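Peer 1: Got a structure here, written out as structure tokens. Questions coming.
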Amino acid sequence: MLRDALIGQTAVWQRLLADLEANRVPHALMFCGPAGSGKLALALAFAEALLCQHPNEGGEACGQCVSCKMAAKLEHPDLHFTFPFVKGQRIKNAEDSISDHYIKEWRSRLLQSPYFDINDWLEDIDAGNSQATYYVAEADNIQRKLALKSNQGGRKVMIVWLPEKMNQETANKLLKIFEEPPAGTHFLMVSEEPDLVLGTILSRTQRILLPPLSREEYNLAHPQRDERLFLDMFIKLMRLGYQRKVKDLREWADQLAGMGREQQKSFLQFCQRQVRENFVYNFRLSQLNDQTADEAAFSHNFARFVNERNVIALTDELAKAEEDISRNVSARMVFFDLALKVIVLLIQ
């Protein structure tokens, strides 16, 4: 069952089941929350419950009916997916730029684990340095699918992963179906950055905010996830910046420039979190920190260099670098410029 992959989020799950049992599930839900909190896992589990033909008392999917068995394999004809991708070599023209070309890779990734991020997905589809997006043809593809009658005579579910990756033209073409969805249709949207979703679509969804998983739950959900590389690169930036080793910092920038754009953005987000954790570390209140043992070991000696004089500036520079990477500014230039600014900020 898809429900078996859901870790934590008990309160949110019970609320969803209560709404389902009371027949008050809105046509569009948007699951929001920090990375790694299980938004996609929750959407899959709820889709299974929505499609179940014989739900248990309390709204849980039975796991035994035909619908549940098809949903567990992600092959239910009324369970649809849409997600960002890159055109690549398999798509020859704009009219054919739809996510269905990658549905095999998508199902394989979901069945492996619904706890993944955009970097994992881009690696699955060999995207290189390209950034994933929704092309205009995808809007027409969604409308065609949902215009069809339910294959099993029940509800239809469309899971929309990272709707913030839609450009305005694509999002505008979907407005009508969000305003007047076909009967029995539910959109389950999964967003990392809901504020980047087109406002007219956002206003037509009910947001559900997921809290972060506990450290134990996170480790259970991401048993293979290793951010050691990011930590090593962060430590290198701070040490070389403090030592003012400009030549070595240029090599550091070159190494990061060789990563994919999405991985670069994830690294900068990781750095922003580390700046926050190191600033809080100075208060010596361990309950306020959420760090691995390796992160805490580095903070023990480094935290004093992140203080009230530079914490905001450091965070702002990292956020600005992330924005520049999103706009396809030269990564080598962005990271070397960031490194030079770190030199100045660490002595404040």
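Chain labels run A, B, ... following the order of the structure tokens; each chain numbers its residues from 1, and ligands are numbered from 1 in the order shown.
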Identify all residues of region 70-117 of chain A in helix (DSSP H, G or I) (DSSP on the backbone) and supply them as a VMD selection string.
Peer 2: chain A and resid 70 to 72 94 to 96 99 to 112
Peer 1: Considering only C-alpha atoms, return as a JSON list (two decimals) with C-alpha atoms, in the first residue's frame whatever protein or nucleic-acid residues lie within 8 Å of Glu322 (chain A), sequence-local ones (same chain, fewer than 4 positions apart) excluded.
Peer 2:
[["chain", "number", "residue", "atom", "x", "y", "z"],
["A", 264, "GLN", "CA", 23.86, 24.23, -6.78],
["A", 265, "LYS", "CA", 20.65, 25.75, -5.47],
["A", 268, "LEU", "CA", 23.09, 27.28, -1.22],
["A", 269, "GLN", "CA", 19.92, 26.43, 0.69],
["A", 318, "LEU", "CA", 23.65, 33.17, 0.02],
["A", 326, "SER", "CA", 18.02, 30.32, -10.76]]
Peer 1: Within 10 Å of region 141-164 of chain A, which residues of region 190-237 of chain A show up? Give each one with its shortest atom-to-atom distance in Å (one decimal) and the two atoms involved, counting only C-alpha atoms, rows by chain then rising residue number, as a Markdown table.
Peer 2:
| residue | atom | partner | partner_atom | distance |
| --- | --- | --- | --- | --- |
| A:Val190 | CA | A:Trp161 | CA | 4.9 |
| A:Ser191 | CA | A:Leu162 | CA | 4.7 |
| A:Glu192 | CA | A:Leu162 | CA | 6.6 |
| A:Glu193 | CA | A:Glu164 | CA | 6.5 |
| A:Pro194 | CA | A:Glu164 | CA | 6.5 |
| A:Asp195 | CA | A:Glu164 | CA | 8.0 |
| A:Leu196 | CA | A:Glu164 | CA | 5.2 |
| A:Val197 | CA | A:Glu164 | CA | 4.5 |
| A:Leu198 | CA | A:Glu164 | CA | 7.6 |
| A:Ile201 | CA | A:Pro163 | CA | 9.6 |
| A:Leu202 | CA | A:Pro163 | CA | 9.7 |
Peer 1: If we count only C-alpha atoms, what is near region 100-117 of chain A at a cut-off of 7 Å, once residues fewer than 4 positions away on the same chain are taken out, given as a PyMOL selection string?
Peer 2: chain A and resi 36+38+40-41+74+121+124+221-222
Peer 1: Could those residues be written to a file, using N, CA and C atoms, as a PDB file, in the first residue's frame?
Peer 2:
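result13.pdb, written as the output of this step:
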ATOM      1  N   GLY A  36      11.864  17.364   2.526  1.00  0.00           N
ATOM      2  CA  GLY A  36      12.041  16.139   3.286  1.00  0.00           C
ATOM      3  C   GLY A  36      10.952  15.833   4.281  1.00  0.00           C
ATOM      4  N   GLY A  38       7.880  14.879   3.655  1.00  0.00           N
ATOM      5  CA  GLY A  38       6.978  13.804   3.237  1.00  0.00           C
ATOM      6  C   GLY A  38       5.734  14.267   2.510  1.00  0.00           C
ATOM      7  N   LEU A  40       5.082  14.505  -0.749  1.00  0.00           N
ATOM      8  CA  LEU A  40       4.699  13.626  -1.855  1.00  0.00           C
ATOM      9  C   LEU A  40       4.185  12.285  -1.336  1.00  0.00           C
ATOM     10  N   ALA A  41       4.810  11.770  -0.291  1.00  0.00           N
ATOM     11  CA  ALA A  41       4.337  10.520   0.318  1.00  0.00           C
ATOM     12  C   ALA A  41       2.909  10.678   0.830  1.00  0.00           C
ATOM     13  N   LEU A  74       1.008   2.102  -8.930  1.00  0.00           N
ATOM     14  CA  LEU A  74       0.960   3.391  -9.643  1.00  0.00           C
ATOM     15  C   LEU A  74       0.424   3.226 -11.059  1.00  0.00           C
ATOM     16  N   TRP A 121      15.600  13.675  -9.098  1.00  0.00           N
ATOM     17  CA  TRP A 121      14.786  13.524 -10.296  1.00  0.00           C
ATOM     18  C   TRP A 121      15.580  13.907 -11.551  1.00  0.00           C
ATOM     19  N   ASP A 124      17.825  11.198 -12.471  1.00  0.00           N
ATOM     20  CA  ASP A 124      17.108  10.070 -13.076  1.00  0.00           C
ATOM     21  C   ASP A 124      16.890  10.268 -14.568  1.00  0.00           C
ATOM     22  N   ALA A 221      13.149   8.170   6.807  1.00  0.00           N
ATOM     23  CA  ALA A 221      12.633   8.454   5.467  1.00  0.00           C
ATOM     24  C   ALA A 221      13.737   8.574   4.429  1.00  0.00           C
ATOM     25  N   HIS A 222      14.924   8.984   4.873  1.00  0.00           N
ATOM     26  CA  HIS A 222      16.038   9.221   3.943  1.00  0.00           C
ATOM     27  C   HIS A 222      17.252   8.395   4.364  1.00  0.00           C
TER      28      HIS A 222
END
Peer 1: Which is closer to Tyr134 (chain A) than all the others in A:Ile91, A:Ile177, A:Ile98, A:Ala257, using only C-alpha atoms?
Peer 2: A:Ile98
Peer 1: Please, what distance in Å, to one decimal, runs between CA of Asp248 (chain A) and CA of Leu345 (chain A)?
Peer 2: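 These atoms are spaced 17.8 Å apart.
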Peer 1: From the list A:Gln274, A:Thr292, A:Thr185, A:Ser286, which residue is nearest Glu216 (chain A) when using only C-alpha atoms?
Peer 2: A:Thr292
Peer 1: For region 22-31 of chain A, find every residue with an atom within 6 Å (counting only C-alpha atoms), except residues of its own chain fewer than 4 positions away, and show them as a list in words.
Peer 2: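 Counting only C-alpha atoms, the residues come to Lys39, His186, Phe187, Leu188, Met189, Val190, Thr205, Gln206, Arg207 and Ile208 of chain A.
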Peer 1: Now that the selection is made, can you save its residues with N, CA and C atoms as a PDB file, in the first residue's frame?
Peer 2:
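New file selection35.pdb:
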ATOM      1  N   LYS A  39       5.807  15.395   1.844  1.00  0.00           N
ATOM      2  CA  LYS A  39       4.625  15.941   1.149  1.00  0.00           C
ATOM      3  C   LYS A  39       4.147  15.007   0.044  1.00  0.00           C
ATOM      4  N   HIS A 186      -9.894  15.567  -8.183  1.00  0.00           N
ATOM      5  CA  HIS A 186      -9.136  16.178  -7.096  1.00  0.00           C
ATOM      6  C   HIS A 186      -7.695  16.430  -7.547  1.00  0.00           C
ATOM      7  N   PHE A 187      -7.235  17.655  -7.321  1.00  0.00           N
ATOM      8  CA  PHE A 187      -5.835  17.999  -7.542  1.00  0.00           C
ATOM      9  C   PHE A 187      -5.114  17.927  -6.204  1.00  0.00           C
ATOM     10  N   LEU A 188      -4.035  17.177  -6.168  1.00  0.00           N
ATOM     11  CA  LEU A 188      -3.177  17.120  -4.989  1.00  0.00           C
ATOM     12  C   LEU A 188      -1.829  17.696  -5.405  1.00  0.00           C
ATOM     13  N   MET A 189      -1.581  18.929  -4.976  1.00  0.00           N
ATOM     14  CA  MET A 189      -0.368  19.628  -5.376  1.00  0.00           C
ATOM     15  C   MET A 189       0.675  19.527  -4.265  1.00  0.00           C
ATOM     16  N   VAL A 190       1.912  19.358  -4.665  1.00  0.00           N
ATOM     17  CA  VAL A 190       3.016  19.191  -3.727  1.00  0.00           C
ATOM     18  C   VAL A 190       4.034  20.289  -4.020  1.00  0.00           C
ATOM     19  N   THR A 205      -6.693  26.847  -4.187  1.00  0.00           N
ATOM     20  CA  THR A 205      -6.305  25.632  -3.477  1.00  0.00           C
ATOM     21  C   THR A 205      -6.397  25.843  -1.976  1.00  0.00           C
ATOM     22  N   GLN A 206      -6.563  24.754  -1.276  1.00  0.00           N
ATOM     23  CA  GLN A 206      -6.511  24.801   0.191  1.00  0.00           C
ATOM     24  C   GLN A 206      -5.128  24.311   0.620  1.00  0.00           C
ATOM     25  N   ARG A 207      -4.395  25.189   1.276  1.00  0.00           N
ATOM     26  CA  ARG A 207      -3.046  24.823   1.700  1.00  0.00           C
ATOM     27  C   ARG A 207      -3.084  23.964   2.958  1.00  0.00           C
ATOM     28  N   ILE A 208      -2.225  22.956   2.960  1.00  0.00           N
ATOM     29  CA  ILE A 208      -2.032  22.134   4.147  1.00  0.00           C
ATOM     30  C   ILE A 208      -0.537  22.156   4.462  1.00  0.00           C
TER      31      ILE A 208
END
Peer 1: To one decimal place, how far is CA of Cys65 (chain A) from CA of Gln53 (chain A) in Å?
Peer 2: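 Answer for the CA of Cys65 (chain A) to CA of Gln53 (chain A) separation: 6.4 Å.
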Peer 1: Just list as a PyMOL selection string whatever in region 141-332 of chain A DSSP marks as strand (DSSP E or B).
Peer 2: chain A and resi 156-161+166+185-191+206-209
Peer 1: Could you state the separation of CA of Ile125 (chain A) and CA of Met70 (chain A) in Å, given to one decimal place?
Peer 2: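 That distance, rounded to one decimal, is 24.7 Å.
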Peer 1: Might you pull out every residue within 7 Å of Ala339 (chain A), with only C-alpha atoms counted and same-chain residues fewer than 3 positions away left off, and present them as a list of chain:residue names?
Peer 2: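 Everything that qualifies: A:Leu237, A:Gly241, A:Leu249, A:Phe335, A:Phe336, A:Val342, A:Ile343.
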Peer 1: Could you write out the selected residues, including N, CA and C atoms, as a JSON list (two decimals), in the first residue's frame?
Peer 2:
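Okay, selection.json is ready:
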[["chain", "number", "residue", "atom", "x", "y", "z"],
["A", 237, "LEU", "N", 34.48, 26.49, 2.28],
["A", 237, "LEU", "CA", 34.22, 27.90, 2.01],
["A", 237, "LEU", "C", 34.57, 28.76, 3.22],
["A", 241, "GLY", "N", 37.75, 31.14, 3.36],
["A", 241, "GLY", "CA", 37.38, 32.54, 3.47],
["A", 241, "GLY", "C", 38.07, 33.21, 4.65],
["A", 249, "LEU", "N", 39.91, 29.49, -3.22],
["A", 249, "LEU", "CA", 38.48, 29.77, -3.33],
["A", 249, "LEU", "C", 38.03, 29.76, -4.79],
["A", 335, "PHE", "N", 29.66, 31.88, -7.64],
["A", 335, "PHE", "CA", 30.29, 31.28, -6.47],
["A", 335, "PHE", "C", 31.60, 31.96, -6.08],
["A", 336, "PHE", "N", 32.35, 32.43, -7.06],
["A", 336, "PHE", "CA", 33.58, 33.14, -6.71],
["A", 336, "PHE", "C", 33.26, 34.49, -6.09],
["A", 342, "VAL", "N", 32.34, 36.42, 1.44],
["A", 342, "VAL", "CA", 32.48, 35.69, 2.70],
["A", 342, "VAL", "C", 33.77, 36.11, 3.41],
["A", 343, "ILE", "N", 34.84, 36.36, 2.64],
["A", 343, "ILE", "CA", 36.08, 36.82, 3.23],
["A", 343, "ILE", "C", 35.85, 38.07, 4.07]]
Peer 1: Pick the closest to Asn129 (chain A) from A:Pro212, A:Pro55, A:Gly88, A:Gly199: which is it, counting only C-alpha atoms?
Peer 2: A:Gly88
Peer 1: Within 12 Å of Thr133 (chain A), counting only C-alpha atoms, which residues qualify if same-chain residues fewer than 6 places away don't, as a ChimeraX atom specification?
Peer 2: /A:82-87,97-99,118,122,127,161-171,262,326
